[in-house]
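Chemist: So I've got this file, input.pdb, and it contains PDB, C-alpha atoms:
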ATOM      1  CA  LEU A   1       9.361 -15.190  12.150
ATOM      2  CA  ILE A   2       7.042 -18.023  11.100
ATOM      3  CA  GLY A   3       5.755 -15.984   8.175
ATOM      4  CA  PHE A   4       9.271 -15.115   7.081
ATOM      5  CA  LEU A   5      10.449 -18.735   7.260
ATOM      6  CA  ALA A   6       7.334 -19.820   5.350
ATOM      7  CA  GLY A   7       8.274 -17.497   2.495
ATOM      8  CA  ALA A   8       5.356 -15.108   2.915
ATOM      9  CA  LYS A   9       5.715 -11.898   0.944
ATOM     10  CA  HIS A  10       6.418  -8.951   3.206
ATOM     11  CA  ARG A  11       7.855  -5.462   3.433
ATOM     12  CA  ILE A  12      10.156  -3.647   5.811
ATOM     13  CA  GLY A  13      10.202   0.135   5.780
ATOM     14  CA  ARG A  14       8.250   2.901   4.096
ATOM     15  CA  GLU A  15       6.517   2.774   0.718
ATOM     16  CA  ALA A  16       6.961   5.573  -1.798
ATOM     17  CA  ARG A  17       4.276   8.250  -1.756
ATOM     18  CA  SER A  18       3.184   7.359  -5.281
ATOM     19  CA  GLU A  19       2.428   3.700  -4.481
ATOM     20  CA  TYR A  20      -0.779   4.365  -2.556
ATOM     21  CA  ASN A  21      -0.983   8.140  -3.033
ATOM     22  CA  GLU A  22      -0.240   8.701   0.654
ATOM     23  CA  ALA A  23       0.510  12.292   1.624
ATOM     24  CA  TRP A  24       2.486  11.178   4.691
ATOM     25  CA  ALA A  25       4.696   8.708   2.833
ATOM     26  CA  PRO A  26       8.190   9.765   1.657
ATOM     27  CA  GLU A  27       8.869  10.560  -1.990
ATOM     28  CA  ALA A  28      11.060   7.467  -2.361
ATOM     29  CA  ALA A  29      10.689   4.104  -0.644
ATOM     30  CA  ASP A  30      13.253   3.216   2.036
ATOM     31  CA  ASP A  31      13.879   0.684   4.802
ATOM     32  CA  ILE A  32      13.246   3.065   7.711
ATOM     33  CA  THR A  33      10.948   1.820  10.490
ATOM     34  CA  LEU A  34       9.715   3.113  13.817
ATOM     35  CA  GLY A  35      12.360   2.596  16.469
ATOM     36  CA  SER A  36      12.534   0.557  19.673
ATOM     37  CA  THR A  37      11.993   1.770  23.219
ATOM     38  CA  LEU A  38      13.301   0.876  26.670
ATOM     39  CA  LEU A  39      11.404   2.010  29.754
ATOM     40  CA  PHE A  40      12.564   2.648  33.299
ATOM     41  CA  TYR A  41      10.897   3.049  36.675
ATOM     42  CA  THR A  42      11.820   5.171  39.670
ATOM     43  CA  LYS A  43      11.016   5.082  43.369
ATOM     44  CA  ASP A  44      10.877   7.706  46.083
ATOM     45  CA  THR A  45      12.778   6.176  49.020
ATOM     46  CA  GLY A  46      11.953   8.971  51.468
ATOM     47  CA  GLN A  47      15.636   9.561  52.212
ATOM     48  CA  PRO A  48      18.528  11.138  50.270
ATOM     49  CA  VAL A  49      19.962   9.013  47.458
ATOM     50  CA  LYS A  50      23.067   9.939  45.491
ATOM     51  CA  TYR A  51      23.512   8.959  41.857
ATOM     52  CA  ILE A  52      26.828   8.570  40.075
ATOM     53  CA  ALA A  53      26.282   8.016  36.372
ATOM     54  CA  PRO A  54      28.065   5.034  34.769
ATOM     55  CA  SER A  55      30.733   5.741  32.192
ATOM     56  CA  PHE A  56      28.457   4.816  29.283
ATOM     57  CA  ALA A  57      25.717   7.306  30.241
ATOM     58  CA  LYS A  58      24.922   9.825  27.523
ATOM     59  CA  ASP A  59      25.399  13.533  28.247
ATOM     60  CA  ILE A  60      21.926  14.500  27.100
ATOM     61  CA  THR A  61      22.711  18.227  27.422
ATOM     62  CA  ALA A  62      24.780  17.771  24.262
ATOM     63  CA  THR A  63      21.667  16.495  22.432
ATOM     64  CA  ASN A  64      18.194  17.813  21.583
ATOM     65  CA  ILE A  65      16.584  15.676  24.284
ATOM     66  CA  PRO A  66      16.130  18.376  27.003
ATOM     67  CA  ILE A  67      14.760  20.769  24.393
ATOM     68  CA  LYS A  68      12.463  18.501  22.379
ATOM     69  CA  ARG A  69      11.245  16.031  25.022
ATOM     70  CA  VAL A  70       9.287  16.417  28.257
ATOM     71  CA  ILE A  71      11.341  15.336  31.284
ATOM     72  CA  ARG A  72       9.786  15.204  34.746
ATOM     73  CA  SER A  73      11.211  13.468  37.781
ATOM     74  CA  GLY A  74       7.971  11.863  38.954
ATOM     75  CA  ASP A  75       6.629  10.508  35.650
ATOM     76  CA  ASN A  76       5.776   6.830  35.343
ATOM     77  CA  GLY A  77       7.782   4.681  32.979
ATOM     78  CA  CYS A  78       5.254   4.736  30.147
ATOM     79  CA  ALA A  79       5.519   8.528  29.994
ATOM     80  CA  TYR A  80       8.983   7.901  28.557
ATOM     81  CA  TRP A  81       7.705   6.119  25.434
ATOM     82  CA  TRP A  82       9.803   8.616  23.486
ATOM     83  CA  ILE A  83      13.091   6.999  24.599
ATOM     84  CA  GLU A  84      13.251   5.518  21.110
ATOM     85  CA  TRP A  85      16.037   4.704  18.706
ATOM     86  CA  GLY A  86      16.917   2.287  15.921
ATOM     87  CA  GLY A  87      14.528   3.280  13.139
ATOM     88  CA  GLU A  88      17.461   3.637  10.758
ATOM     89  CA  HIS A  89      18.877   0.243  11.754
ATOM     90  CA  ASP A  90      17.700  -3.366  11.612
ATOM     91  CA  ILE A  91      15.896  -3.930  14.906
ATOM     92  CA  VAL A  92      16.618  -7.676  14.861
ATOM     93  CA  THR A  93      20.203  -8.068  13.691
ATOM     94  CA  GLU A  94      21.309  -4.872  15.484
ATOM     95  CA  ASN A  95      19.183  -5.355  18.590
ATOM     96  CA  GLU A  96      22.114  -5.297  21.037
ATOM     97  CA  ARG A  97      23.466  -2.097  19.539
ATOM     98  CA  ILE A  98      20.043  -0.488  19.866
ATOM     99  CA  ARG A  99      19.703  -1.731  23.455
ATOM    100  CA  ASP A 100      23.105  -0.315  24.417
ATOM    101  CA  GLU A 101      22.266   3.072  22.901
ATOM    102  CA  LEU A 102      18.945   3.194  24.733
ATOM    103  CA  TRP A 103      20.672   2.240  27.993
ATOM    104  CA  SER A 104      23.101   5.130  27.544
ATOM    105  CA  VAL A 105      20.146   7.489  27.031
ATOM    106  CA  ILE A 106      18.216   6.244  30.080
ATOM    107  CA  TYR A 107      21.172   6.492  32.448
ATOM    108  CA  GLY A 108      21.957   9.905  30.959
ATOM    109  CA  ILE A 109      18.395  11.128  31.495
ATOM    110  CA  TRP A 110      18.514   9.911  35.079
ATOM    111  CA  ASP A 111      21.837  11.705  35.584
ATOM    112  CA  TYR A 112      20.173  14.857  34.262
ATOM    113  CA  ILE A 113      17.207  14.435  36.611
ATOM    114  CA  LYS A 114      19.367  13.675  39.658
ATOM    115  CA  ASN A 115      22.333  15.991  39.193
ATOM    116  CA  SER A 116      21.326  18.974  37.065
ATOM    117  CA  GLY A 117      19.662  20.756  39.981
ATOM    118  CA  GLN A 118      16.497  21.322  37.964
ATOM    119  CA  PHE A 119      14.378  18.587  39.560
ATOM    120  CA  ASP A 120      13.084  17.681  43.003
ATOM    121  CA  SER A 121      14.639  14.232  42.942
ATOM    122  CA  GLY A 122      16.917  14.049  45.981
ATOM    123  CA  THR A 123      15.121  11.067  47.524
ATOM    124  CA  MET A 124      14.457   9.215  44.292
ATOM    125  CA  THR A 125      16.297   6.160  43.010
ATOM    126  CA  LEU A 126      16.377   4.274  39.731
ATOM    127  CA  GLU A 127      14.297   1.201  40.546
ATOM    128  CA  TRP A 128      14.317  -0.743  37.270
ATOM    129  CA  VAL A 129      15.631  -0.424  33.709
ATOM    130  CA  GLY A 130      14.406  -2.576  30.835
ATOM    131  CA  SER A 131      16.808  -4.937  29.093
ATOM    132  CA  VAL A 132      14.856  -5.978  25.965
ATOM    133  CA  PRO A 133      13.972  -3.146  23.559
ATOM    134  CA  GLY A 134      10.278  -2.923  22.764
ATOM    135  CA  LYS A 135      10.031  -3.160  18.974
ATOM    136  CA  ARG A 136       7.423  -0.971  17.291
ATOM    137  CA  GLU A 137       7.765  -2.147  13.707
ATOM    138  CA  TYR A 138       9.421  -4.789  11.574
ATOM    139  CA  ARG A 139       7.992  -7.035   8.837
ATOM    140  CA  ARG A 140       4.530  -6.250   7.502
ATOM    141  CA  PHE A 141       3.121  -9.130   5.490
ATOM    142  CA  LEU A 142       1.254  -8.686   2.224
ATOM    143  CA  GLY A 143      -2.336  -9.876   2.014
ATOM    144  CA  ASP A 144      -4.954  -9.723  -0.697
ATOM    145  CA  TYR A 145      -5.414  -6.082   0.326
ATOM    146  CA  VAL A 146      -2.970  -3.516   1.712
ATOM    147  CA  LEU A 147      -4.664  -1.033   4.037
ATOM    148  CA  HIS A 148      -3.330   2.488   3.418
ATOM    149  CA  GLN A 149      -3.573   6.077   4.628
ATOM    150  CA  ASN A 150      -6.541   7.061   2.467
ATOM    151  CA  ASP A 151      -8.576   4.096   3.750
ATOM    152  CA  ILE A 152      -8.014   5.340   7.290
ATOM    153  CA  LEU A 153      -8.966   8.944   6.597
ATOM    154  CA  ALA A 154     -11.936   8.043   4.363
ATOM    155  CA  GLN A 155     -13.123   5.482   6.933
ATOM    156  CA  THR A 156     -13.657   3.098   4.000
ATOM    157  CA  PRO A 157     -16.537   0.717   4.901
ATOM    158  CA  PHE A 158     -15.023  -2.459   3.462
ATOM    159  CA  GLU A 159     -17.576  -5.166   2.702
ATOM    160  CA  ASP A 160     -15.267  -7.629   4.473
ATOM    161  CA  ARG A 161     -14.589  -5.477   7.526
ATOM    162  CA  VAL A 162     -13.936  -7.543  10.638
ATOM    163  CA  ALA A 163     -12.270  -5.057  13.006
ATOM    164  CA  PHE A 164     -11.977  -1.350  13.636
ATOM    165  CA  GLY A 165      -9.511   1.164  15.031
ATOM    166  CA  GLY A 166      -9.712   4.662  16.442
ATOM    167  CA  TRP A 167      -6.135   5.746  17.177
ATOM    168  CA  SER A 168      -4.552   8.469  15.092
ATOM    169  CA  ILE A 169      -1.957   7.748  12.432
ATOM    170  CA  ASP A 170       0.968   8.085  14.835
ATOM    171  CA  LEU A 171       4.435   8.183  13.258
ATOM    172  CA  HIS A 172       7.777   8.865  14.920
ATOM    173  CA  PRO A 173      10.947  10.422  13.491
ATOM    174  CA  PRO A 174      13.589   7.926  12.269
ATOM    175  CA  GLN A 175      16.295   9.476  14.487
ATOM    176  CA  GLY A 176      14.244   8.824  17.629
ATOM    177  CA  VAL A 177      15.412  10.748  20.703
ATOM    178  CA  TYR A 178      18.063  12.571  18.695
ATOM    179  CA  SER A 179      15.591  14.071  16.229
ATOM    180  CA  GLN A 180      15.044  17.808  16.074
ATOM    181  CA  GLN A 181      11.345  17.044  15.632
ATOM    182  CA  SER A 182       8.821  16.151  18.304
ATOM    183  CA  GLY A 183       8.625  12.536  19.424
ATOM    184  CA  SER A 184       5.542  11.846  17.308
ATOM    185  CA  LYS A 185       3.147  13.392  14.818
ATOM    186  CA  HIS A 186      -0.539  12.559  14.509
ATOM    187  CA  LEU A 187      -3.124  12.520  11.732
ATOM    188  CA  TYR A 188      -6.729  11.893  12.747
ATOM    189  CA  ALA A 189      -9.683  10.438  10.891
ATOM    190  CA  ASP A 190     -13.136  11.841  11.684
ATOM    191  CA  GLY A 191     -13.907   8.744  13.739
ATOM    192  CA  ILE A 192     -13.242   5.032  13.675
ATOM    193  CA  TYR A 193     -11.959   3.238  10.567
ATOM    194  CA  HIS A 194     -12.391  -0.340   9.342
ATOM    195  CA  ILE A 195      -9.944  -3.213   8.778
ATOM    196  CA  PRO A 196     -10.735  -5.794   6.070
ATOM    197  CA  PHE A 197     -10.343  -9.544   6.440
ATOM    198  CA  ARG A 198      -8.230  -9.545   3.260
ATOM    199  CA  SER A 199      -5.479  -7.797   5.228
ATOM    200  CA  LEU A 200      -5.269 -10.683   7.698
ATOM    201  CA  TYR A 201      -4.129 -13.540   5.448
ATOM    202  CA  SER A 202      -1.120 -14.030   3.197
ATOM    203  CA  VAL A 203      -1.261 -13.271  -0.500
ATOM    204  CA  ASN A 204       1.030 -16.213  -1.344
ATOM    205  CA  VAL A 205       1.028 -18.696   1.571
ATOM    206  CA  ASN A 206      -2.326 -20.450   1.402
ATOM    207  CA  ASN A 207      -2.841 -21.272   5.075
ATOM    208  CA  LEU A 208      -1.093 -18.362   6.806
ATOM    209  CA  MET A 209      -2.939 -15.703   8.788
ATOM    210  CA  PHE A 210      -1.570 -12.843  10.843
ATOM    211  CA  ALA A 211      -2.786 -10.364  13.431
ATOM    212  CA  GLY A 212      -1.261  -7.409  15.232
ATOM    213  CA  ARG A 213       1.605  -5.303  13.955
ATOM    214  CA  ASP A 214       2.411  -7.558  10.999
ATOM    215  CA  ILE A 215      -0.907  -7.237   9.117
ATOM    216  CA  SER A 216      -1.117  -6.157   5.475
ATOM    217  CA  ALA A 217      -0.907  -2.381   5.819
ATOM    218  CA  SER A 218       1.329   0.354   4.484
ATOM    219  CA  HIS A 219       3.835   1.963   6.834
ATOM    220  CA  VAL A 220       1.576   5.009   7.188
ATOM    221  CA  ALA A 221      -1.582   3.006   7.936
ATOM    222  CA  PHE A 222       0.474   0.857  10.306
ATOM    223  CA  GLY A 223       0.958   4.071  12.312
ATOM    224  CA  THR A 224      -2.548   3.538  13.696
ATOM    225  CA  THR A 225      -3.216  -0.216  13.391
ATOM    226  CA  ARG A 226      -0.130  -0.986  15.523
ATOM    227  CA  VAL A 227      -1.575   0.077  18.889
ATOM    228  CA  MET A 228      -2.465  -2.658  21.347
ATOM    229  CA  ALA A 229      -6.257  -2.329  21.606
ATOM    230  CA  THR A 230      -6.555  -2.383  17.809
ATOM    231  CA  CYS A 231      -4.185  -5.354  17.611
ATOM    232  CA  ALA A 232      -6.479  -7.118  20.104
ATOM    233  CA  VAL A 233      -9.629  -6.796  17.984
ATOM    234  CA  ILE A 234      -7.651  -7.781  14.884
ATOM    235  CA  GLY A 235      -6.526 -10.858  16.811
ATOM    236  CA  GLU A 236     -10.140 -11.745  17.592
ATOM    237  CA  ALA A 237     -10.985 -11.535  13.877
ATOM    238  CA  ALA A 238      -7.970 -13.603  12.804
ATOM    239  CA  GLY A 239      -8.582 -16.195  15.516
ATOM    240  CA  THR A 240     -12.241 -16.581  14.592
ATOM    241  CA  GLY A 241     -11.323 -16.811  10.912
ATOM    242  CA  ALA A 242      -8.681 -19.455  11.597
ATOM    243  CA  ALA A 243     -11.112 -21.528  13.680
ATOM    244  CA  LEU A 244     -13.748 -21.422  10.936
ATOM    245  CA  CYS A 245     -11.147 -22.397   8.314
ATOM    246  CA  VAL A 246     -10.234 -25.456  10.374
ATOM    247  CA  GLN A 247     -13.890 -26.268  10.986
ATOM    248  CA  LYS A 248     -14.721 -26.134   7.281
ATOM    249  CA  GLY A 249     -11.401 -27.484   5.973
ATOM    250  CA  ILE A 250     -10.799 -24.441   3.761
ATOM    251  CA  ALA A 251      -8.182 -21.710   3.321
ATOM    252  CA  PRO A 252      -8.711 -18.107   4.488
ATOM    253  CA  ARG A 253      -9.200 -16.841   0.941
ATOM    254  CA  GLU A 254     -12.060 -19.278   0.408
ATOM    255  CA  LEU A 255     -13.555 -18.279   3.749
ATOM    256  CA  HIS A 256     -13.543 -14.699   2.501
ATOM    257  CA  GLY A 257     -14.972 -15.584  -0.889
ATOM    258  CA  SER A 258     -17.732 -17.975   0.121
ATOM    259  CA  HIS A 259     -18.409 -17.580   3.847
ATOM    260  CA  LEU A 260     -17.811 -13.896   4.632
ATOM    261  CA  GLU A 261     -21.230 -13.261   6.154
ATOM    262  CA  PHE A 262     -20.892 -16.399   8.265
ATOM    263  CA  LEU A 263     -17.564 -15.104   9.582
ATOM    264  CA  GLN A 264     -18.998 -11.689  10.414
ATOM    265  CA  GLN A 265     -22.148 -13.093  12.012
ATOM    266  CA  THR A 266     -20.080 -15.556  14.040
ATOM    267  CA  MET A 267     -17.971 -12.688  15.353
ATOM    268  CA  LEU A 268     -21.054 -10.662  16.263
ATOM    269  CA  LYS A 269     -22.473 -13.684  18.075
ATOM    270  CA  LEU A 270     -19.210 -13.859  20.054
ATOM    271  CA  ASP A 271     -19.736 -10.211  21.062
ATOM    272  CA  ALA A 272     -17.230  -8.648  18.675
ATOM    273  CA  SER A 273     -17.951  -5.179  17.314
ATOM    274  CA  ILE A 274     -18.049  -4.792  13.527
ATOM    275  CA  ILE A 275     -19.275  -1.266  13.044
ATOM    276  CA  GLY A 276     -22.205  -0.997  10.611
ATOM    277  CA  VAL A 277     -22.755  -4.751  10.196
ATOM    278  CA  PRO A 278     -26.148  -5.716  11.682
ATOM    279  CA  ASN A 279     -26.826  -8.855  13.667
ATOM    280  CA  ARG A 280     -28.897 -11.233  11.519
ATOM    281  CA  ASP A 281     -28.878 -14.273  13.794
ATOM    282  CA  PRO A 282     -32.402 -15.809  13.511
ATOM    283  CA  LEU A 283     -31.962 -17.558  16.856
ATOM    284  CA  ASP A 284     -31.218 -14.315  18.733
ATOM    285  CA  LEU A 285     -34.505 -13.587  20.529
ATOM    286  CA  ALA A 286     -33.288 -10.120  21.483
ATOM    287  CA  ARG A 287     -33.907  -9.081  17.852
ATOM    288  CA  THR A 288     -37.653  -9.615  18.319
ATOM    289  CA  ALA A 289     -37.914  -8.181  21.828
ATOM    290  CA  SER A 290     -40.039  -5.135  22.582
ATOM    291  CA  LEU A 291     -39.610  -2.559  25.301
ATOM    292  CA  SER A 292     -42.361  -1.134  27.475
ATOM    293  CA  ALA A 293     -42.587   0.981  30.605
ATOM    294  CA  SER A 294     -45.305   1.181  33.245
ATOM    295  CA  SER A 295     -44.825   4.902  33.623
ATOM    296  CA  SER A 296     -42.711   7.796  32.417
ATOM    297  CA  LEU A 297     -41.460  11.117  33.695
ATOM    298  CA  LYS A 298     -41.507  14.274  31.644
ATOM    299  CA  ARG A 299     -39.364  17.306  32.314
ATOM    300  CA  LEU A 300     -40.897  20.734  31.748
TER
END
If you took the structure in this file and wrote it as structure tokens, what would it be?
Modeler:
Amino acid sequence: LIGFLAGAKHRIGREARSEYNEAWAPEAADDITLGSTLLFYTKDTGQPVKYIAPSFAKDITATNIPIKRVIRSGDNGCAYWWIEWGGEHDIVTENERIRDELWSVIYGIWDYIKNSGQFDSGTMTLEWVGSVPGKREYRRFLGDYVLHQNDILAQTPFEDRVAFGGWSIDLHPPQGVYSQQSGSKHLYADGIYHIPFRSLYSVNVNNLMFAGRDISASHVAFGTTRVMATCAVIGEAAGTGAALCVQKGIAPRELHGSHLEFLQQTMLKLDASIIGVPNRDPLDLARTASLSASSSLKRL
């Protein structure tokens, strides 16, 4: 929201395949995003519990949900990440509509679990249902570099790398739970990939940095950078960069241009992992340490 109000350049939706030569991008650009999810939790009460579905509950037997999604009575709430919808709508201005649709799906799934006769759920009750949809994707801000699919797969070793990721490119169908496709599709690199500092500051707002799901990445690359552990290490890089900018009285672009090694070495000193960048701290005595052993054991 701050970036938007500051006038930072951004995108919503999917780029055309030709823009970054991404095999997983659509032929034409559109405004489709990943959808939102509501979770629910259940509890085994140890005694019989009846369930009467509310009037707004979806009859999921009239949808693809029982066919294309895995439903089990004892799963934890996070196993239902696929209760997703809204990718073809605006997840901010239409948030209540998306929430209501997801509610209808959850109460319909629970009706199916409790009353279809296919599950051992007689003593189970619906303990909690979320009320705020978890948003997977919205604005992605433009930086001096836009990370894209080929960077992920090639594991491009950017000179200004400050973070890394290891999750697959994980994209979901726009129709969410109503799709005839599986809930997600995955494309894997051969290992970890790198995230450049240039993707963490705005191309047109001089003093604006970002971290997490709004970094400068294409929709396809976002499919992997969006996960929480990767967002966390991106946040460490952006936070360190912001602190150094304040300390030196400079903008992020100047930090990149004139103090990149200082940024990377500072992060390493703070115990961050920047894969392939060696520690060059002259005050780190561990770099000059030697290892010895009084004895050894050999196996025949």
Chemist: Excluding same-chain residues fewer than 3 positions from A:Gly191, what lies within 8 Å of it counting all atoms listed in the file, as a list in words?
Modeler: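 Counting all atoms listed in the file, the residues come to Gln155, Gly166 and Tyr188 of chain A.
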Chemist: From the options A:Glu101, A:Asp160, A:Glu137, A:Asp281, which residue's atoms come nearest to A:Ser258, counting all atoms listed in the file?
Modeler: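 Closest to A:Ser258, using all atoms listed in the file: A:Asp160.
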Chemist: Within 9 Å of (16.7, 1.8, 40.4), only C-alpha atoms: residues as JSON, numbers by chain?
Modeler: {"A": [40, 41, 42, 43, 124, 125, 126, 127, 128, 129]}
Chemist: In Å to one decimal, how far is atom CA of A:Tyr20 from atom CA of A:Ala251?
Modeler: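 It comes out at 27.7 Å.
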Chemist: Quick one: everything within 6 Å of stretch 204-210 of chain A, counting all atoms listed in the file, minus sequence neighbours fewer than 4 positions away in the same chain. Send it as a PyMOL selection string.
Modeler: chain A and resi 8+200+215+251
Chemist: Based on the selection just made, write C-alpha atoms of those residues as a CSV table (one decimal), in the coordinates of the input.
Modeler:
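Output (again.csv):
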chain,number,residue,atom,x,y,z
A,8,ALA,CA,5.4,-15.1,2.9
A,200,LEU,CA,-5.3,-10.7,7.7
A,215,ILE,CA,-0.9,-7.2,9.1
A,251,ALA,CA,-8.2,-21.7,3.3
Chemist: Using atom CA of A:Gly183 and atom CA of A:Ala217 as the two end points, give the distance in Å to one decimal.
Modeler: 22.3 Å
Chemist: Within 12 Å of A:Ala229, counting only C-alpha atoms, which residues show up once you throw out same-chain ones fewer than 4 positions away? Write them as a PDB file with C-alpha atoms, in the frame of the given file, please.
Modeler:
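Writing done, so here's out-v8.pdb:
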ATOM      1  CA  ALA A 163     -12.270  -5.057  13.006  1.00  0.00           C
ATOM      2  CA  PHE A 164     -11.977  -1.350  13.636  1.00  0.00           C
ATOM      3  CA  GLY A 165      -9.511   1.164  15.031  1.00  0.00           C
ATOM      4  CA  GLY A 166      -9.712   4.662  16.442  1.00  0.00           C
ATOM      5  CA  TRP A 167      -6.135   5.746  17.177  1.00  0.00           C
ATOM      6  CA  ALA A 211      -2.786 -10.364  13.431  1.00  0.00           C
ATOM      7  CA  GLY A 212      -1.261  -7.409  15.232  1.00  0.00           C
ATOM      8  CA  ARG A 213       1.605  -5.303  13.955  1.00  0.00           C
ATOM      9  CA  THR A 224      -2.548   3.538  13.696  1.00  0.00           C
ATOM     10  CA  THR A 225      -3.216  -0.216  13.391  1.00  0.00           C
ATOM     11  CA  VAL A 233      -9.629  -6.796  17.984  1.00  0.00           C
ATOM     12  CA  ILE A 234      -7.651  -7.781  14.884  1.00  0.00           C
ATOM     13  CA  GLY A 235      -6.526 -10.858  16.811  1.00  0.00           C
ATOM     14  CA  GLU A 236     -10.140 -11.745  17.592  1.00  0.00           C
TER      15      GLU A 236
END
